[in-house]
$ cat start_23.txt   # compact mmCIF, C-alpha atoms
# COMPACT_ATOMS: atom_id res chain seq x y z
CA MET A 95 5.08 27.74 -17.49
CA GLN A 96 3.65 30.63 -15.45
CA LEU A 97 2.21 29.58 -12.10
CA TYR A 98 -1.02 30.99 -10.73
CA THR A 99 -0.02 32.94 -7.62
CA ARG A 100 -1.77 34.58 -4.68
CA SER A 101 0.16 37.45 -3.08
CA THR A 102 -0.51 39.85 -0.23
CA GLY A 103 1.33 42.27 2.02
CA THR A 104 4.44 44.37 1.58
CA GLY A 105 8.03 44.10 2.72
CA VAL A 106 10.45 41.18 2.58
CA PRO A 107 9.27 38.72 -0.11
CA VAL A 108 8.41 35.32 1.37
CA VAL A 109 7.47 32.55 -1.08
CA LEU A 110 5.54 29.63 0.45
CA LEU A 111 5.19 26.38 -1.52
CA HIS A 112 2.33 24.05 -0.71
CA ALA A 113 2.14 20.40 0.30
CA PHE A 114 0.98 17.44 -1.80
CA PRO A 115 -1.79 17.08 -2.89
CA LEU A 116 -3.06 20.52 -1.87
CA SER A 117 -2.76 23.98 -3.43
CA SER A 118 -1.88 27.50 -2.33
CA ALA A 119 -5.32 27.59 -0.69
CA MET A 120 -3.63 25.91 2.29
CA TRP A 121 -1.71 29.13 3.00
CA LEU A 122 -4.80 31.27 3.75
CA ALA A 123 -3.83 31.83 7.40
CA GLN A 124 -0.28 32.73 6.36
CA ARG A 125 -1.45 35.27 3.77
CA GLU A 126 -3.59 36.85 6.48
CA GLY A 127 -1.23 36.47 9.43
CA LEU A 128 2.13 37.32 7.87
CA ALA A 129 1.11 40.11 5.49
CA GLY A 130 1.65 42.80 8.12
CA GLY A 131 5.38 42.18 8.12
CA CYS A 132 6.28 40.76 4.72
CA ARG A 133 5.13 40.21 1.16
CA VAL A 134 3.61 36.72 1.12
CA ILE A 135 3.71 34.97 -2.28
CA THR A 136 1.94 31.61 -2.58
CA PRO A 137 2.06 29.92 -6.00
CA ASP A 138 0.05 26.90 -7.07
CA LEU A 139 2.72 24.40 -8.12
CA ARG A 140 2.24 23.11 -11.65
CA GLY A 141 -0.97 21.21 -12.22
CA PHE A 142 -2.53 22.21 -8.87
CA GLY A 143 -5.03 24.95 -8.15
CA GLY A 144 -5.00 27.48 -10.95
CA SER A 145 -1.70 26.41 -12.55
CA LEU A 146 -1.46 24.38 -15.74
CA LEU A 147 0.44 21.07 -15.74
CA GLY A 148 2.11 21.21 -19.15
CA ASP A 149 3.73 18.36 -21.05
CA ASP A 150 7.12 18.14 -19.31
CA GLU A 151 8.41 14.99 -17.65
CA PRO A 152 7.90 14.89 -13.86
CA SER A 153 10.68 16.80 -12.12
CA ILE A 154 11.12 18.56 -8.77
CA ASP A 155 13.93 20.60 -10.39
CA LEU A 156 11.49 21.81 -13.03
CA MET A 157 9.09 22.89 -10.28
CA ALA A 158 11.92 24.87 -8.68
CA ASP A 159 12.60 26.63 -11.97
CA ASP A 160 8.89 27.51 -12.14
CA VAL A 161 9.29 29.29 -8.80
CA ALA A 162 12.27 31.27 -10.11
CA ARG A 163 10.04 32.47 -12.93
CA VAL A 164 7.47 33.61 -10.35
CA LEU A 165 10.17 35.84 -8.85
CA ASP A 166 11.07 37.14 -12.30
CA ALA A 167 7.44 37.94 -13.07
CA GLN A 168 7.15 39.96 -9.86
CA SER A 169 10.52 41.69 -10.37
CA ILE A 170 11.97 40.15 -7.21
CA ASP A 171 15.68 39.47 -7.11
CA GLN A 172 15.83 37.62 -3.78
CA ALA A 173 13.29 36.17 -1.36
CA VAL A 174 12.87 33.92 1.62
CA ILE A 175 11.81 30.61 0.06
CA GLY A 176 9.79 28.17 2.14
CA GLY A 177 7.92 24.97 1.55
CA LEU A 178 5.95 22.35 3.43
CA SER A 179 6.23 18.65 2.55
CA MET A 180 6.39 18.51 -1.28
CA GLY A 181 6.93 22.26 -1.17
CA GLY A 182 10.01 21.58 0.94
CA TYR A 183 11.41 19.28 -1.74
CA VAL A 184 10.93 22.09 -4.27
CA THR A 185 12.54 24.56 -1.87
CA MET A 186 15.66 22.40 -1.55
CA ALA A 187 15.84 22.05 -5.32
CA PHE A 188 15.51 25.83 -5.59
CA ALA A 189 18.42 26.22 -3.15
CA ARG A 190 20.52 23.94 -5.33
CA ARG A 191 19.60 25.54 -8.66
CA HIS A 192 19.10 29.22 -7.73
CA PRO A 193 21.28 29.91 -4.67
CA ASP A 194 21.70 33.58 -5.55
CA ARG A 195 17.94 34.19 -5.34
CA MET A 196 17.59 33.29 -1.64
CA LEU A 197 17.56 35.44 1.50
CA GLY A 198 16.74 32.44 3.67
CA LEU A 199 15.02 29.04 3.63
CA VAL A 200 12.08 27.60 5.55
CA LEU A 201 11.64 23.82 5.45
CA ALA A 202 8.47 22.55 7.14
CA ASP A 203 7.46 18.92 7.64
CA THR A 204 9.72 17.62 4.91
CA LYS A 205 12.91 15.58 4.54
CA ALA A 206 16.22 15.85 2.72
CA ALA A 207 16.67 12.13 2.09
CA PRO A 208 15.44 10.59 -1.18
CA ASP A 209 12.69 7.98 -1.20
CA PRO A 210 13.73 4.39 -0.51
CA GLU A 211 12.57 1.87 -3.10
CA PRO A 212 9.40 0.75 -1.26
CA VAL A 213 8.23 4.38 -1.04
CA LYS A 214 8.96 4.93 -4.72
CA ASP A 215 6.90 1.84 -5.53
CA LYS A 216 4.04 3.13 -3.38
CA ARG A 217 4.11 6.49 -5.14
CA GLU A 218 3.89 4.81 -8.54
CA ASP A 219 1.04 2.63 -7.32
CA ILE A 220 -0.91 5.67 -6.14
CA ALA A 221 -0.15 7.56 -9.36
CA ARG A 222 -1.52 4.69 -11.42
CA ARG A 223 -4.63 4.20 -9.29
CA VAL A 224 -5.44 7.91 -9.18
CA LEU A 225 -5.38 8.08 -12.97
CA GLU A 226 -7.63 5.01 -13.16
CA ASP A 227 -10.05 5.64 -10.29
CA GLY A 228 -9.82 9.27 -9.17
CA THR A 229 -8.95 10.84 -5.84
CA ALA A 230 -10.75 8.31 -3.61
CA VAL A 231 -7.43 6.53 -3.13
CA LEU A 232 -5.95 9.75 -1.72
CA VAL A 233 -8.78 10.06 0.77
CA ARG A 234 -8.24 6.47 1.90
CA GLU A 235 -4.45 6.28 1.92
CA VAL A 236 -2.97 9.80 2.03
CA LEU A 237 -5.45 11.94 3.97
CA PRO A 238 -5.35 10.06 7.31
CA ALA A 239 -1.68 10.91 7.97
CA LEU A 240 -1.81 14.52 6.73
CA THR A 241 -3.08 15.83 10.07
CA GLY A 242 -2.00 14.89 13.56
CA ARG A 243 -4.01 13.00 16.15
CA THR A 244 -4.93 16.22 18.00
CA THR A 245 -6.43 17.71 14.86
CA ARG A 246 -8.25 14.52 13.95
CA GLN A 247 -9.73 14.26 17.45
CA SER A 248 -10.34 17.90 18.35
CA ARG A 249 -10.50 20.00 15.18
CA PRO A 250 -12.95 18.33 12.80
CA MET A 251 -13.40 21.50 10.75
CA VAL A 252 -9.66 21.70 10.05
CA HIS A 253 -9.51 18.03 9.09
CA GLY A 254 -12.59 18.53 6.91
CA ARG A 255 -10.96 21.45 5.12
CA VAL A 256 -7.90 19.35 4.36
CA ARG A 257 -10.14 16.56 3.08
CA GLY A 258 -11.82 19.01 0.70
CA LEU A 259 -8.48 20.19 -0.66
CA VAL A 260 -7.37 16.59 -1.19
CA GLN A 261 -10.58 15.72 -3.04
CA ALA A 262 -10.15 18.79 -5.29
CA ALA A 263 -6.67 17.73 -6.47
CA PRO A 264 -6.49 17.16 -10.26
CA THR A 265 -5.65 13.53 -10.92
CA ALA A 266 -3.08 14.24 -13.64
CA ALA A 267 -1.21 16.62 -11.34
CA VAL A 268 -1.33 14.08 -8.51
CA ALA A 269 0.25 11.38 -10.66
CA TRP A 270 2.84 13.79 -12.10
CA ALA A 271 3.84 15.06 -8.66
CA GLN A 272 4.10 11.55 -7.19
CA ARG A 273 6.52 10.59 -9.95
CA ALA A 274 8.47 13.83 -9.54
CA MET A 275 8.86 13.25 -5.80
CA ALA A 276 9.92 9.63 -6.33
CA ALA A 277 12.73 10.77 -8.64
CA ARG A 278 14.08 13.55 -6.42
CA GLN A 279 17.70 13.48 -5.28
CA ASP A 280 19.34 13.58 -1.87
CA SER A 281 19.50 17.17 -0.57
CA PHE A 282 21.80 16.86 2.44
CA GLU A 283 24.77 18.23 0.48
CA THR A 284 22.59 21.15 -0.59
CA LEU A 285 21.80 21.94 3.03
CA ALA A 286 25.44 21.62 4.07
CA ALA A 287 26.42 24.15 1.40
CA LEU A 288 23.82 26.77 2.35
CA LYS A 289 25.09 30.33 2.70
CA VAL A 290 21.80 31.71 4.02
CA PRO A 291 19.84 31.11 7.24
CA LEU A 292 17.61 28.02 7.51
CA LEU A 293 14.52 27.51 9.64
CA VAL A 294 13.28 23.94 10.05
CA VAL A 295 9.72 23.50 11.32
CA VAL A 296 8.01 20.22 12.22
CA GLY A 297 4.84 19.13 13.97
CA GLU A 298 5.44 17.01 17.06
CA GLU A 299 2.76 14.58 15.77
CA ASP A 300 4.01 14.41 12.17
CA GLU A 301 3.84 10.78 11.04
CA ILE A 302 5.05 11.38 7.45
CA SER A 303 8.15 13.52 8.10
CA PRO A 304 8.75 13.03 11.83
CA VAL A 305 10.87 15.10 14.18
CA ALA A 306 13.93 12.92 13.50
CA ASP A 307 13.89 14.00 9.83
CA ALA A 308 13.70 17.65 10.88
CA GLU A 309 16.58 17.19 13.31
CA ALA A 310 18.70 15.62 10.55
CA MET A 311 18.11 18.59 8.24
CA ALA A 312 18.88 21.10 10.98
CA GLN A 313 22.10 19.28 11.85
CA ALA A 314 23.18 19.26 8.20
CA ALA A 315 23.03 23.02 7.73
CA PRO A 316 25.37 25.35 9.60
CA GLY A 317 23.51 27.48 12.15
CA ALA A 318 20.04 26.16 11.30
CA ARG A 319 17.14 26.82 13.66
CA LEU A 320 14.70 24.01 14.56
CA GLU A 321 11.16 24.68 15.82
CA VAL A 322 8.79 21.90 16.88
CA ILE A 323 5.11 22.88 16.74
CA GLN A 324 3.08 21.26 19.51
CA ARG A 325 -0.26 19.53 18.82
CA ALA A 326 0.32 19.52 15.07
CA GLY A 327 0.92 16.78 12.53
CA HIS A 328 2.19 17.01 8.97
CA LEU A 329 0.35 20.21 8.03
CA THR A 330 1.67 22.51 10.76
CA ALA A 331 0.71 25.69 8.87
CA VAL A 332 -2.91 24.56 8.66
CA GLU A 333 -3.24 22.82 12.02
CA GLN A 334 -1.49 25.42 14.20
CA PRO A 335 -1.34 28.56 12.02
CA GLU A 336 -0.67 31.04 14.83
CA ALA A 337 2.32 29.09 16.14
CA PHE A 338 3.61 28.50 12.60
CA ASN A 339 3.24 32.17 11.68
CA ALA A 340 5.02 33.27 14.85
CA VAL A 341 8.17 31.23 14.18
CA VAL A 342 8.24 32.19 10.48
CA ALA A 343 7.73 35.90 11.24
CA ALA A 344 10.54 35.85 13.79
CA PHE A 345 12.81 34.10 11.31
CA VAL A 346 12.05 36.57 8.52
CA ARG A 347 12.83 39.49 10.85
CA SER A 348 16.21 37.91 11.64
CA VAL A 349 17.25 37.29 8.04
CA PRO A 350 20.06 39.58 6.82
CA GLY A 351 19.12 41.72 3.84
CA GLY A 352 15.53 42.14 4.93
CA ALA A 353 15.06 45.03 2.52
CA ALA A 354 15.35 42.74 -0.47
CA PRO A 355 16.32 44.34 -3.78
CA THR A 356 13.97 44.09 -6.71
CA ARG A 357 14.63 43.69 -10.40
CA GLY A 358 13.93 46.32 -12.95

$ encode --input "start_23.txt" --output "C-alpha cells"
Amino acid sequence: MQLYTRSTGTGVPVVLLHAFPLSSAMWLAQREGLAGGCRVITPDLRGFGGSLLGDDEPSIDLMADDVARVLDAQSIDQAVIGGLSMGGYVTMAFARRHPDRMLGLVLADTKAAPDPEPVKDKREDIARRVLEDGTAVLVREVLPALTGRTTRQSRPMVHGRVRGLVQAAPTAAVAWAQRAMAARQDSFETLAALKVPLLVVVGEEDEISPVADAEAMAQAAPGARLEVIQRAGHLTAVEQPEAFNAVVAAFVRSVPGGAAPTRG
C-alpha cells in the first residue's frame, strides 16, 4: 500500500497524520505555515483522500506501517511524527512498531487509552450505518463534536469546511477506520518507553479527547510538553492554525537531531 501524500518545504521532516473522518486536506494551514522551517509531509491514511483502502483487515498497526513506507519512499530515515485524533492513534502505533524512525512525537487531541466497550459498540454501529446509508450519519453524530463551541458560534466558514470534508469521506474507509480504532491497544506503556521528545496538544474546548486525556499522556512520558490551545475544540490544527503551528514549530526546533539523515 502506497499512500497518496502532499509534501512541502525543506528541512526537518515532519509527518502529520489526519483525523477521522477527514483527509490530509485538513493540514492545508500547516503545509503553508510550517514549510518555512521544516519539510511537511501529510499522507492520506488508507482509504481516505487519494489513498486506496486495500483488502486488509482493519488495523491501526497496519496504518502505522503504511506511514513507515511513506518515509521509505521519500528516502527519509527519521522524522518527527505527529497525528491528530485518529492520526494520534496511528502515531502511537508507529512509536511502538518503528521507534528507530522517530526524532520526536506530536500527539494532538487524542488519547492513549483503548476504547471502553460502549464506545466500541458505537463505532460498530456507525460503521454499519455508514455502509448502509452513507455519510449522513457522520454529519448528524460525528460532526457536531469535531469543532469547539467558539468555532461553531464564531467561525461558520471553518465549521463549514470541516462539514465538507466529513461529507466527502468514502464510506468503506469510514467503516474500516472505525473498526480499526475500536480494536486498538492501550498505548500508555508505549509513551512511558519513549526515548524521544513528546509534544501533547489539546484544544481547551475538546469534547472528544478532553484536556484530562492530554494531561494523562503527558504525565506518562518522561519530559513531555503539554500545550493547551485556547478557543479550539477537537480539530486544533484547523480551528486555531496559527497557535497550533507556533507550538509545533517551536517543538521541532527543540528536537535533537534536527538535521535528520536520509536514506540512500

$ residues_around --input "start_23.txt" --residues "A:Pro193" --least-positions-apart "5" --cutoff "9 Å" --atoms "all atoms listed in the file" --output "list in words"
Phe188, Leu288, Lys289 and Val290 of chain A

$ closest_residue --input "start_23.txt" --among "A:Met275, A:Ala162, A:Val294, A:Gly327" --to "A:His253" --atoms "only C-alpha atoms"
A:Gly327

$ closest_residue --input "start_23.txt" --among "A:Val224, A:Val161, A:Ile170, A:Val346" --to "A:Ala189" --atoms "only C-alpha atoms"
A:Val161

$ residues_around --input "start_23.txt" --residues "stretch 230-233 of chain A" --least-positions-apart "4" --cutoff "12 Å" --atoms "all atoms listed in the file" --output "JSON, numbers by chain"
{"A": [114, 115, 116, 216, 217, 219, 220, 221, 222, 223, 224, 225, 226, 237, 238, 239, 240, 253, 254, 256, 257, 258, 259, 260, 261, 262, 263, 264, 265, 268, 269, 272]}

$ closest_residue --input "start_23.txt" --among "A:Ala337, A:Gly182, A:Val109, A:Arg195" --to "A:Arg125" --atoms "all atoms listed in the file"
A:Val109

$ residues_around --input "start_23.txt" --residues "A:Val164" --least-positions-apart "6" --cutoff "12 Å" --atoms "only C-alpha atoms" --output "count of residues only"
27

$ residues_near_point --input "start_23.txt" --point "(-9.8, 24.9, 11.0)" --cutoff "12 Å" --atoms "all atoms listed in the file" --output "JSON, numbers by chain"
{"A": [120, 122, 123, 241, 245, 246, 248, 249, 250, 251, 252, 253, 254, 255, 256, 257, 329, 330, 331, 332, 333, 334, 335, 336]}

$ closest_residue --input "start_23.txt" --among "A:Val349, A:Ile154, A:Ala276, A:Val342" --to "A:Gly176" --atoms "only C-alpha atoms"
A:Val342

$ residues_around --input "start_23.txt" --residues "A:Cys132" --least-positions-apart "4" --cutoff "9 Å" --atoms "all atoms listed in the file" --output "VMD selection string"
chain A and resid 102 to 108 128 343 346

$ residues_around --input "start_23.txt" --residues "A:Ser303" --least-positions-apart "3" --cutoff "9 Å" --atoms "all atoms listed in the file" --output "PyMOL selection string"
chain A and resi 179+203-205+296-297+300+306-308+328

$ atom_distance --input "start_23.txt" --atom1 "atom CA of A:Ser281" --atom2 "atom CA of A:Ser169"
27.9 Å

$ atom_distance --input "start_23.txt" --atom1 "atom CA of A:Val341" --atom2 "atom CA of A:Gly181"
17.8 Å

$ atom_distance --input "start_23.txt" --atom1 "atom CA of A:Leu178" --atom2 "atom CA of A:Asp160"
16.7 Å

$ decode --input "start_23.txt" --residues "stretch 214-234 of chain A" --atoms "N, CA, C and O atoms" --output "mmCIF file, in the first residue's frame"
data_model
loop_
_atom_site.group_PDB
_atom_site.id
_atom_site.type_symbol
_atom_site.label_atom_id
_atom_site.label_comp_id
_atom_site.auth_asym_id
_atom_site.auth_seq_id
_atom_site.Cartn_x
_atom_site.Cartn_y
_atom_site.Cartn_z
ATOM 1 N N LYS A 214 -16.749 1.084 21.675
ATOM 2 C CA LYS A 214 -16.561 0.103 20.605
ATOM 3 C C LYS A 214 -17.880 -0.232 19.929
ATOM 4 O O LYS A 214 -17.963 -0.324 18.692
ATOM 5 N N ASP A 215 -18.914 -0.410 20.733
ATOM 6 C CA ASP A 215 -20.241 -0.715 20.173
ATOM 7 C C ASP A 215 -20.734 0.431 19.307
ATOM 8 O O ASP A 215 -21.332 0.212 18.241
ATOM 9 N N LYS A 216 -20.498 1.662 19.745
ATOM 10 C CA LYS A 216 -20.928 2.830 18.972
ATOM 11 C C LYS A 216 -20.181 2.895 17.645
ATOM 12 O O LYS A 216 -20.776 3.217 16.601
ATOM 13 N N ARG A 217 -18.901 2.603 17.675
ATOM 14 C CA ARG A 217 -18.125 2.611 16.430
ATOM 15 C C ARG A 217 -18.673 1.579 15.445
ATOM 16 O O ARG A 217 -18.806 1.859 14.253
ATOM 17 N N GLU A 218 -18.990 0.396 15.928
ATOM 18 C CA GLU A 218 -19.520 -0.638 15.040
ATOM 19 C C GLU A 218 -20.883 -0.226 14.492
ATOM 20 O O GLU A 218 -21.180 -0.472 13.310
ATOM 21 N N ASP A 219 -21.673 0.420 15.327
ATOM 22 C CA ASP A 219 -22.984 0.881 14.870
ATOM 23 C C ASP A 219 -22.838 1.915 13.753
ATOM 24 O O ASP A 219 -23.539 1.847 12.733
ATOM 25 N N ILE A 220 -21.918 2.845 13.929
ATOM 26 C CA ILE A 220 -21.703 3.860 12.896
ATOM 27 C C ILE A 220 -21.134 3.231 11.634
ATOM 28 O O ILE A 220 -21.549 3.568 10.520
ATOM 29 N N ALA A 221 -20.197 2.289 11.790
ATOM 30 C CA ALA A 221 -19.635 1.609 10.618
ATOM 31 C C ALA A 221 -20.736 0.931 9.815
ATOM 32 O O ALA A 221 -20.784 1.050 8.577
ATOM 33 N N ARG A 222 -21.614 0.247 10.496
ATOM 34 C CA ARG A 222 -22.703 -0.460 9.797
ATOM 35 C C ARG A 222 -23.639 0.523 9.107
ATOM 36 O O ARG A 222 -24.010 0.335 7.942
ATOM 37 N N ARG A 223 -24.018 1.587 9.813
ATOM 38 C CA ARG A 223 -24.981 2.529 9.235
ATOM 39 C C ARG A 223 -24.384 3.340 8.086
ATOM 40 O O ARG A 223 -25.090 3.684 7.131
ATOM 41 N N VAL A 224 -23.096 3.644 8.167
ATOM 42 C CA VAL A 224 -22.453 4.358 7.065
ATOM 43 C C VAL A 224 -22.463 3.516 5.796
ATOM 44 O O VAL A 224 -22.735 4.013 4.701
ATOM 45 N N LEU A 225 -22.172 2.232 5.948
ATOM 46 C CA LEU A 225 -22.181 1.344 4.777
ATOM 47 C C LEU A 225 -23.585 1.201 4.197
ATOM 48 O O LEU A 225 -23.750 1.045 2.981
ATOM 49 N N GLU A 226 -24.591 1.273 5.050
ATOM 50 C CA GLU A 226 -25.979 1.120 4.587
ATOM 51 C C GLU A 226 -26.556 2.417 4.027
ATOM 52 O O GLU A 226 -27.264 2.403 3.013
ATOM 53 N N ASP A 227 -26.243 3.555 4.690
ATOM 54 C CA ASP A 227 -26.968 4.792 4.394
ATOM 55 C C ASP A 227 -26.093 5.965 3.975
ATOM 56 O O ASP A 227 -26.618 7.051 3.711
ATOM 57 N N GLY A 228 -24.771 5.803 3.950
ATOM 58 C CA GLY A 228 -23.917 6.914 3.553
ATOM 59 C C GLY A 228 -23.488 7.786 4.721
ATOM 60 O O GLY A 228 -23.707 7.468 5.887
ATOM 61 N N THR A 229 -22.886 8.943 4.370
ATOM 62 C CA THR A 229 -22.228 9.765 5.384
ATOM 63 C C THR A 229 -23.173 10.668 6.173
ATOM 64 O O THR A 229 -22.716 11.418 7.042
ATOM 65 N N ALA A 230 -24.467 10.621 5.908
ATOM 66 C CA ALA A 230 -25.390 11.474 6.674
ATOM 67 C C ALA A 230 -25.287 11.206 8.170
ATOM 68 O O ALA A 230 -25.416 12.130 8.984
ATOM 69 N N VAL A 231 -25.033 9.966 8.555
ATOM 70 C CA VAL A 231 -24.903 9.645 9.977
ATOM 71 C C VAL A 231 -23.700 10.364 10.582
ATOM 72 O O VAL A 231 -23.732 10.773 11.759
ATOM 73 N N LEU A 232 -22.642 10.547 9.811
ATOM 74 C CA LEU A 232 -21.469 11.267 10.315
ATOM 75 C C LEU A 232 -21.795 12.734 10.550
ATOM 76 O O LEU A 232 -21.355 13.324 11.535
ATOM 77 N N VAL A 233 -22.550 13.314 9.633
ATOM 78 C CA VAL A 233 -22.936 14.716 9.778
ATOM 79 C C VAL A 233 -23.795 14.904 11.024
ATOM 80 O O VAL A 233 -23.646 15.872 11.777
ATOM 81 N N ARG A 234 -24.675 13.944 11.288
ATOM 82 C CA ARG A 234 -25.559 14.050 12.450
ATOM 83 C C ARG A 234 -24.836 13.760 13.762
ATOM 84 O O ARG A 234 -25.065 14.458 14.757
#
